[in-house]
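With compact mmCIF, C-alpha atoms inside, this is my_file_19.txt:
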```txt
# COMPACT_ATOMS: atom_id res chain seq x y z
CA MET A 1 -17.68 23.29 7.06
CA SER A 2 -14.17 24.49 6.34
CA GLU A 3 -12.85 27.94 5.55
CA HIS A 4 -16.27 28.82 4.16
CA SER A 5 -17.48 32.29 3.42
CA PRO A 6 -20.96 33.47 2.40
CA ASP A 7 -19.82 34.31 -1.12
CA GLN A 8 -19.44 30.59 -1.78
CA ALA A 9 -23.22 30.28 -1.77
CA THR A 10 -25.58 31.52 -4.46
CA GLY A 11 -28.75 33.55 -4.19
CA THR A 12 -30.20 33.16 -0.73
CA ASP A 13 -28.30 29.95 0.01
CA HIS A 14 -25.86 29.92 2.90
CA TYR A 15 -23.49 27.12 3.76
CA PHE A 16 -25.09 26.65 7.18
CA SER A 17 -28.62 26.23 5.85
CA ALA A 18 -28.63 25.17 2.19
CA ARG A 19 -31.20 22.51 1.35
CA PRO A 20 -30.36 19.55 -0.90
CA ALA A 21 -29.86 20.65 -4.50
CA SER A 22 -32.44 19.80 -7.13
CA ALA A 23 -31.49 17.14 -9.66
CA ASP A 24 -30.89 19.69 -12.41
CA ALA A 25 -28.55 21.67 -10.14
CA LEU A 26 -26.17 18.74 -9.68
CA ARG A 27 -23.05 18.72 -11.78
CA PRO A 28 -20.29 16.16 -12.26
CA LEU A 29 -16.73 16.88 -11.21
CA THR A 30 -13.63 14.80 -11.94
CA VAL A 31 -11.08 14.81 -9.11
CA GLN A 32 -8.12 12.83 -7.81
CA LEU A 33 -8.87 10.99 -4.55
CA ALA A 34 -6.71 8.25 -3.01
CA GLU A 35 -4.43 8.20 -6.08
CA ARG A 36 -7.27 7.55 -8.48
CA GLU A 37 -9.39 9.66 -10.79
CA VAL A 38 -13.04 9.59 -9.82
CA GLU A 39 -16.20 11.44 -10.77
CA VAL A 40 -18.31 13.00 -8.03
CA LEU A 41 -21.26 15.37 -7.85
CA THR A 42 -21.23 18.93 -6.59
CA ALA A 43 -23.62 21.88 -6.58
CA ALA A 44 -23.68 25.54 -5.66
CA GLY A 45 -24.34 26.54 -2.05
CA ILE A 46 -21.56 24.47 -0.47
CA PHE A 47 -17.90 25.00 0.30
CA SER A 48 -15.54 24.67 -2.69
CA PRO A 49 -18.04 23.31 -5.24
CA ASP A 50 -15.53 23.55 -8.10
CA GLY A 51 -12.94 21.13 -6.76
CA ILE A 52 -10.72 20.22 -3.86
CA ASP A 53 -9.74 23.41 -2.06
CA LYS A 54 -6.11 24.21 -1.38
CA GLY A 55 -6.27 23.52 2.37
CA THR A 56 -7.91 20.13 1.95
CA ARG A 57 -5.33 19.19 -0.66
CA VAL A 58 -2.51 20.17 1.70
CA LEU A 59 -4.05 17.99 4.42
CA LEU A 60 -4.43 15.02 2.06
CA ASP A 61 -0.85 15.41 0.87
CA GLN A 62 0.66 15.50 4.36
CA VAL A 63 -1.29 13.15 6.64
CA PRO A 64 -0.13 9.56 7.17
CA GLU A 65 -2.17 6.61 5.96
CA PRO A 66 -5.39 6.09 7.93
CA PRO A 67 -5.83 2.87 9.93
CA ASP A 68 -7.30 -0.12 8.10
CA GLN A 69 -10.18 -0.43 10.56
CA GLY A 70 -11.92 1.51 13.29
CA ARG A 71 -14.08 4.64 13.39
CA LEU A 72 -12.84 7.57 11.32
CA LEU A 73 -14.36 11.06 11.29
CA ASP A 74 -14.47 13.79 8.67
CA LEU A 75 -15.52 16.86 10.64
CA GLY A 76 -17.07 19.33 8.19
CA CYS A 77 -17.37 17.09 5.16
CA GLY A 78 -18.58 19.46 2.42
CA TRP A 79 -19.18 17.34 -0.69
CA GLY A 80 -16.94 14.67 0.82
CA PRO A 81 -13.30 14.77 -0.32
CA LEU A 82 -11.88 13.76 3.08
CA ALA A 83 -14.56 11.21 3.93
CA LEU A 84 -14.34 9.63 0.49
CA THR A 85 -10.55 9.44 0.69
CA LEU A 86 -10.79 7.75 4.08
CA ALA A 87 -13.34 5.27 2.73
CA LEU A 88 -11.30 4.49 -0.39
CA ARG A 89 -8.09 4.01 1.57
CA SER A 90 -9.69 2.07 4.45
CA PRO A 91 -12.68 0.14 3.05
CA GLU A 92 -13.04 -1.92 6.24
CA ALA A 93 -13.29 1.13 8.50
CA TRP A 94 -16.46 2.99 9.43
CA VAL A 95 -16.28 6.57 8.18
CA HIS A 96 -18.49 9.25 9.70
CA ALA A 97 -19.03 12.39 7.63
CA VAL A 98 -20.45 15.33 9.59
CA ASP A 99 -21.67 18.73 8.42
CA VAL A 100 -24.42 21.24 9.19
CA ASN A 101 -25.18 21.93 5.53
CA GLU A 102 -27.97 19.66 4.25
CA ARG A 103 -26.83 20.03 0.65
CA ALA A 104 -23.30 18.99 1.55
CA LEU A 105 -24.62 15.95 3.39
CA ASP A 106 -26.79 14.96 0.43
CA LEU A 107 -23.83 15.29 -1.94
CA THR A 108 -21.55 13.24 0.29
CA ARG A 109 -24.19 10.50 0.47
CA ARG A 110 -24.55 10.51 -3.30
CA ASN A 111 -20.80 10.47 -3.83
CA ALA A 112 -20.23 7.62 -1.39
CA GLU A 113 -22.84 5.60 -3.27
CA LEU A 114 -21.30 6.48 -6.64
CA LEU A 115 -17.89 5.27 -5.46
CA GLY A 116 -19.22 2.13 -3.76
CA CYS A 117 -18.23 3.31 -0.29
CA ASP A 118 -20.90 1.51 1.72
CA ARG A 119 -19.38 2.09 5.16
CA VAL A 120 -19.77 5.86 5.13
CA GLN A 121 -22.35 7.29 7.54
CA VAL A 122 -23.33 10.84 6.65
CA THR A 123 -25.15 12.84 9.33
CA ARG A 124 -25.67 16.15 11.03
CA PRO A 125 -23.52 16.48 14.16
CA GLU A 126 -26.36 15.76 16.57
CA ASP A 127 -27.29 12.54 14.74
CA VAL A 128 -23.89 10.94 14.36
CA ASP A 129 -24.41 8.36 17.11
CA LEU A 130 -28.10 7.49 16.85
CA SER A 131 -27.23 3.80 16.48
CA LEU A 132 -24.02 3.84 18.50
CA ALA A 133 -22.95 4.46 22.07
CA PRO A 134 -22.97 8.24 22.63
CA ASP A 135 -19.39 8.24 23.81
CA ALA A 136 -17.98 5.83 21.22
CA PRO A 137 -14.49 7.08 20.38
CA PHE A 138 -12.91 7.88 17.03
CA ASP A 139 -9.58 6.41 15.98
CA LEU A 140 -8.86 9.24 13.53
CA ILE A 141 -10.26 12.70 12.81
CA TRP A 142 -9.52 14.69 9.68
CA SER A 143 -10.83 18.24 9.39
CA ASN A 144 -10.51 21.45 7.44
CA PRO A 145 -12.37 23.32 10.19
CA PRO A 146 -14.63 26.33 9.58
CA ILE A 147 -12.30 29.07 10.74
CA ARG A 148 -14.58 31.85 9.53
CA VAL A 149 -17.45 30.90 11.86
CA GLY A 150 -15.65 32.88 14.57
CA LYS A 151 -13.27 31.97 17.34
CA GLN A 152 -15.86 30.97 19.96
CA ALA A 153 -17.86 28.79 17.59
CA LEU A 154 -14.68 27.14 16.33
CA HIS A 155 -13.45 26.50 19.86
CA ASP A 156 -16.83 25.01 20.84
CA LEU A 157 -16.71 22.73 17.80
CA LEU A 158 -13.22 21.46 18.58
CA LEU A 159 -13.96 21.02 22.29
CA THR A 160 -16.98 18.92 21.34
CA TRP A 161 -15.21 16.53 18.98
CA LEU A 162 -11.50 16.31 19.82
CA PRO A 163 -12.10 14.80 23.29
CA ARG A 164 -13.80 11.92 21.49
CA LEU A 165 -10.50 10.59 20.23
CA ALA A 166 -9.89 7.03 21.34
CA GLU A 167 -7.58 6.72 24.34
CA THR A 168 -4.75 5.10 22.42
CA GLN A 169 -1.34 6.36 21.34
CA GLU A 170 -2.30 5.83 17.69
CA ALA A 171 -5.49 7.91 17.73
CA ALA A 172 -5.04 11.41 16.35
CA ALA A 173 -6.81 14.39 14.85
CA TYR A 174 -5.32 16.27 11.91
CA LEU A 175 -6.49 19.81 11.25
CA VAL A 176 -5.48 22.06 8.37
CA VAL A 177 -5.58 25.79 9.09
CA GLN A 178 -4.43 28.73 7.02
CA LYS A 179 -1.44 30.44 8.62
CA ASN A 180 -2.82 33.96 8.17
CA LEU A 181 -6.14 32.92 9.71
CA GLY A 182 -4.57 31.96 13.02
CA ALA A 183 -3.03 28.52 12.68
CA ASP A 184 -0.26 29.23 15.19
CA SER A 185 -2.55 30.81 17.77
CA LEU A 186 -4.98 27.90 17.40
CA GLN A 187 -2.14 25.46 18.01
CA ALA A 188 -1.24 27.30 21.21
CA TRP A 189 -4.88 27.39 22.33
CA LEU A 190 -5.31 23.66 21.73
CA ALA A 191 -2.15 22.87 23.68
CA THR A 192 -3.24 24.86 26.71
CA THR A 193 -6.98 24.09 26.68
CA LEU A 194 -7.37 20.44 25.68
CA PRO A 195 -5.53 18.91 28.68
CA GLY A 196 -8.25 20.28 30.94
CA VAL A 197 -10.97 18.41 29.05
CA MET A 198 -9.27 15.27 27.75
CA GLY A 199 -6.13 14.76 29.82
CA PRO A 200 -2.56 14.89 28.53
CA VAL A 201 -2.27 15.71 24.83
CA ARG A 202 0.45 16.59 22.36
CA VAL A 203 -0.32 19.26 19.78
CA THR A 204 2.28 19.41 17.04
CA ARG A 205 2.74 20.98 13.65
CA GLU A 206 3.03 18.08 11.22
CA GLY A 207 3.58 20.11 8.11
CA SER A 208 3.34 23.47 6.41
CA SER A 209 2.65 24.18 2.75
CA LYS A 210 1.11 26.87 0.55
CA GLY A 211 0.28 29.07 3.52
CA PHE A 212 -1.39 26.29 5.54
CA ARG A 213 -0.38 24.45 8.70
CA VAL A 214 -1.30 20.83 9.39
CA LEU A 215 -1.77 20.36 13.14
CA ARG A 216 -1.85 17.01 14.90
CA VAL A 217 -3.62 16.40 18.20
CA GLY A 218 -2.82 13.14 19.95
CA ARG A 219 -3.05 11.82 23.46
CA GLY A 220 0.15 12.49 25.32
```
Show the structure stored in the file as structure tokens.
Amino acid sequence: MSEHSPDQATGTDHYFSARPASADALRPLTVQLAEREVEVLTAAGIFSPDGIDKGTRVLLDQVPEPPDQGRLLDLGCGWGPLALTLALRSPEAWVHAVDVNERALDLTRRNAELLGCDRVQVTRPEDVDLSLAPDAPFDLIWSNPPIRVGKQALHDLLLTWLPRLAETQEAAAYLVVQKNLGADSLQAWLATTLPGVMGPVRVTREGSSKGFRVLRVGRG
């Protein structure tokens, strides 16, 4: 999930429904993650198959270091740049990578294995807590959310996951949103809506670069 659009799929594939890619459709990609050069696998039919998209790179460049331990969430993982960065930076933490695209999930699993990230759990949203308490909180959320799914679907997504932040001052969610796709209005909506579902919160703009805003949601 992220700022996907249907033209980033091929043929009849769509980023909400693409099946895992066949072996001959996989292709290697060299990228920089966590200050190191690594090789991962991508395929058509997912968001940004040719590299790290601009918004995700802005998020990675501007967020603080993740905690060493705890439960960390990549909401809308694609082929895994955020989840893999979390796992490489915090090898003792549990990283949950969530997406609705089966091909993206398969690629993230493959990439976590390639990079030796054995504490990454890759699942569809409804399966994320099969072996955990349903209300287990997250200490950190990183997301390049799917703005193009529409306002209501985006709001439903954020209202589902942001209230699952741990009730600590350190827990936070960082979202990167393109300015011309409503970053400022989303910030205002979060600030007025979230207190009704998760108590006092602070929604701040942590950075701005290349036409993107990085928003932080933390408990107030």
(request) Identify the residues within 9 Å of coordinate (-24.8, 21.2, 1.8) (same frame as the file), considering all atoms listed in the file, and give the answer as an MDAnalysis selection string. (result) chainID A and resid 14:21 43:47 78:79 99:108
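With distances restricted to only C-alpha atoms, A:Leu33 is the closest residue to Ile52 of chain A from A:Leu159, A:Ala183, A:Val149, A:Leu33.
Using all atoms listed in the file, the smallest distance between any of A:Lys54, A:Lys210, A:Arg202, A:Arg124 and Ala172 of chain A comes from A:Arg202.
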(request) Within 12 Å of (-2.5, 25.8, 21.1) (coordinates as in the file), grab all the protein and nucleic acid residues, counting all atoms listed in the file, and write them out as JSON, numbers by chain. (result) {"A": [155, 158, 182, 183, 184, 185, 186, 187, 188, 189, 190, 191, 192, 193, 194, 195, 201, 202, 203, 204, 205, 215, 216, 217]}
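Counting from atom CA of Gly199 of chain A, the distance to atom CA of Ala173 of chain A is 15.0 Å.
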Grab all the atoms of segment 23-37 of chain A that the file lists, wrap them in a box along x, y and z, add 8 Å per side, and give me centre plus edge lengths in Å (one decimal) as AutoDock Vina command-line options.
```
--center_x -18.0 --center_y 14.6 --center_z -7.7 --size_x 43.1 --size_y 30.1 --size_z 25.4
```
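Between atom CA of Trp94 of chain A and atom CA of Ala166 of chain A there is a distance of 14.2 Å.
Ranking A:Val120, A:Ala34, A:Val58, A:Ala112 by their shortest atom-to-atom distance to Arg89 of chain A, with only C-alpha atoms included, puts A:Ala34 first.
Picture a line from atom CA of Val197 of chain A to atom CA of Glu65 of chain A; it runs 27.4 Å.
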(request) Compare A:Leu26, A:Cys77, A:Leu165, A:Leu88 by their minimum atom-to-atom distance to Asp50 of chain A, counting all atoms listed in the file, and give me the closest one. (result) A:Leu26
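When only C-alpha atoms are used to measure the gap to Phe212 of chain A, the shortest distance among A:Leu73, A:Val176, A:Ile147, A:Val38 belongs to A:Val176.
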(message) Just checking: using all atoms listed in the file, which residue out of A:Leu84, A:Leu115, A:Val177, A:Leu72 ends up closest to Ala136 of chain A?
(response) A:Leu72
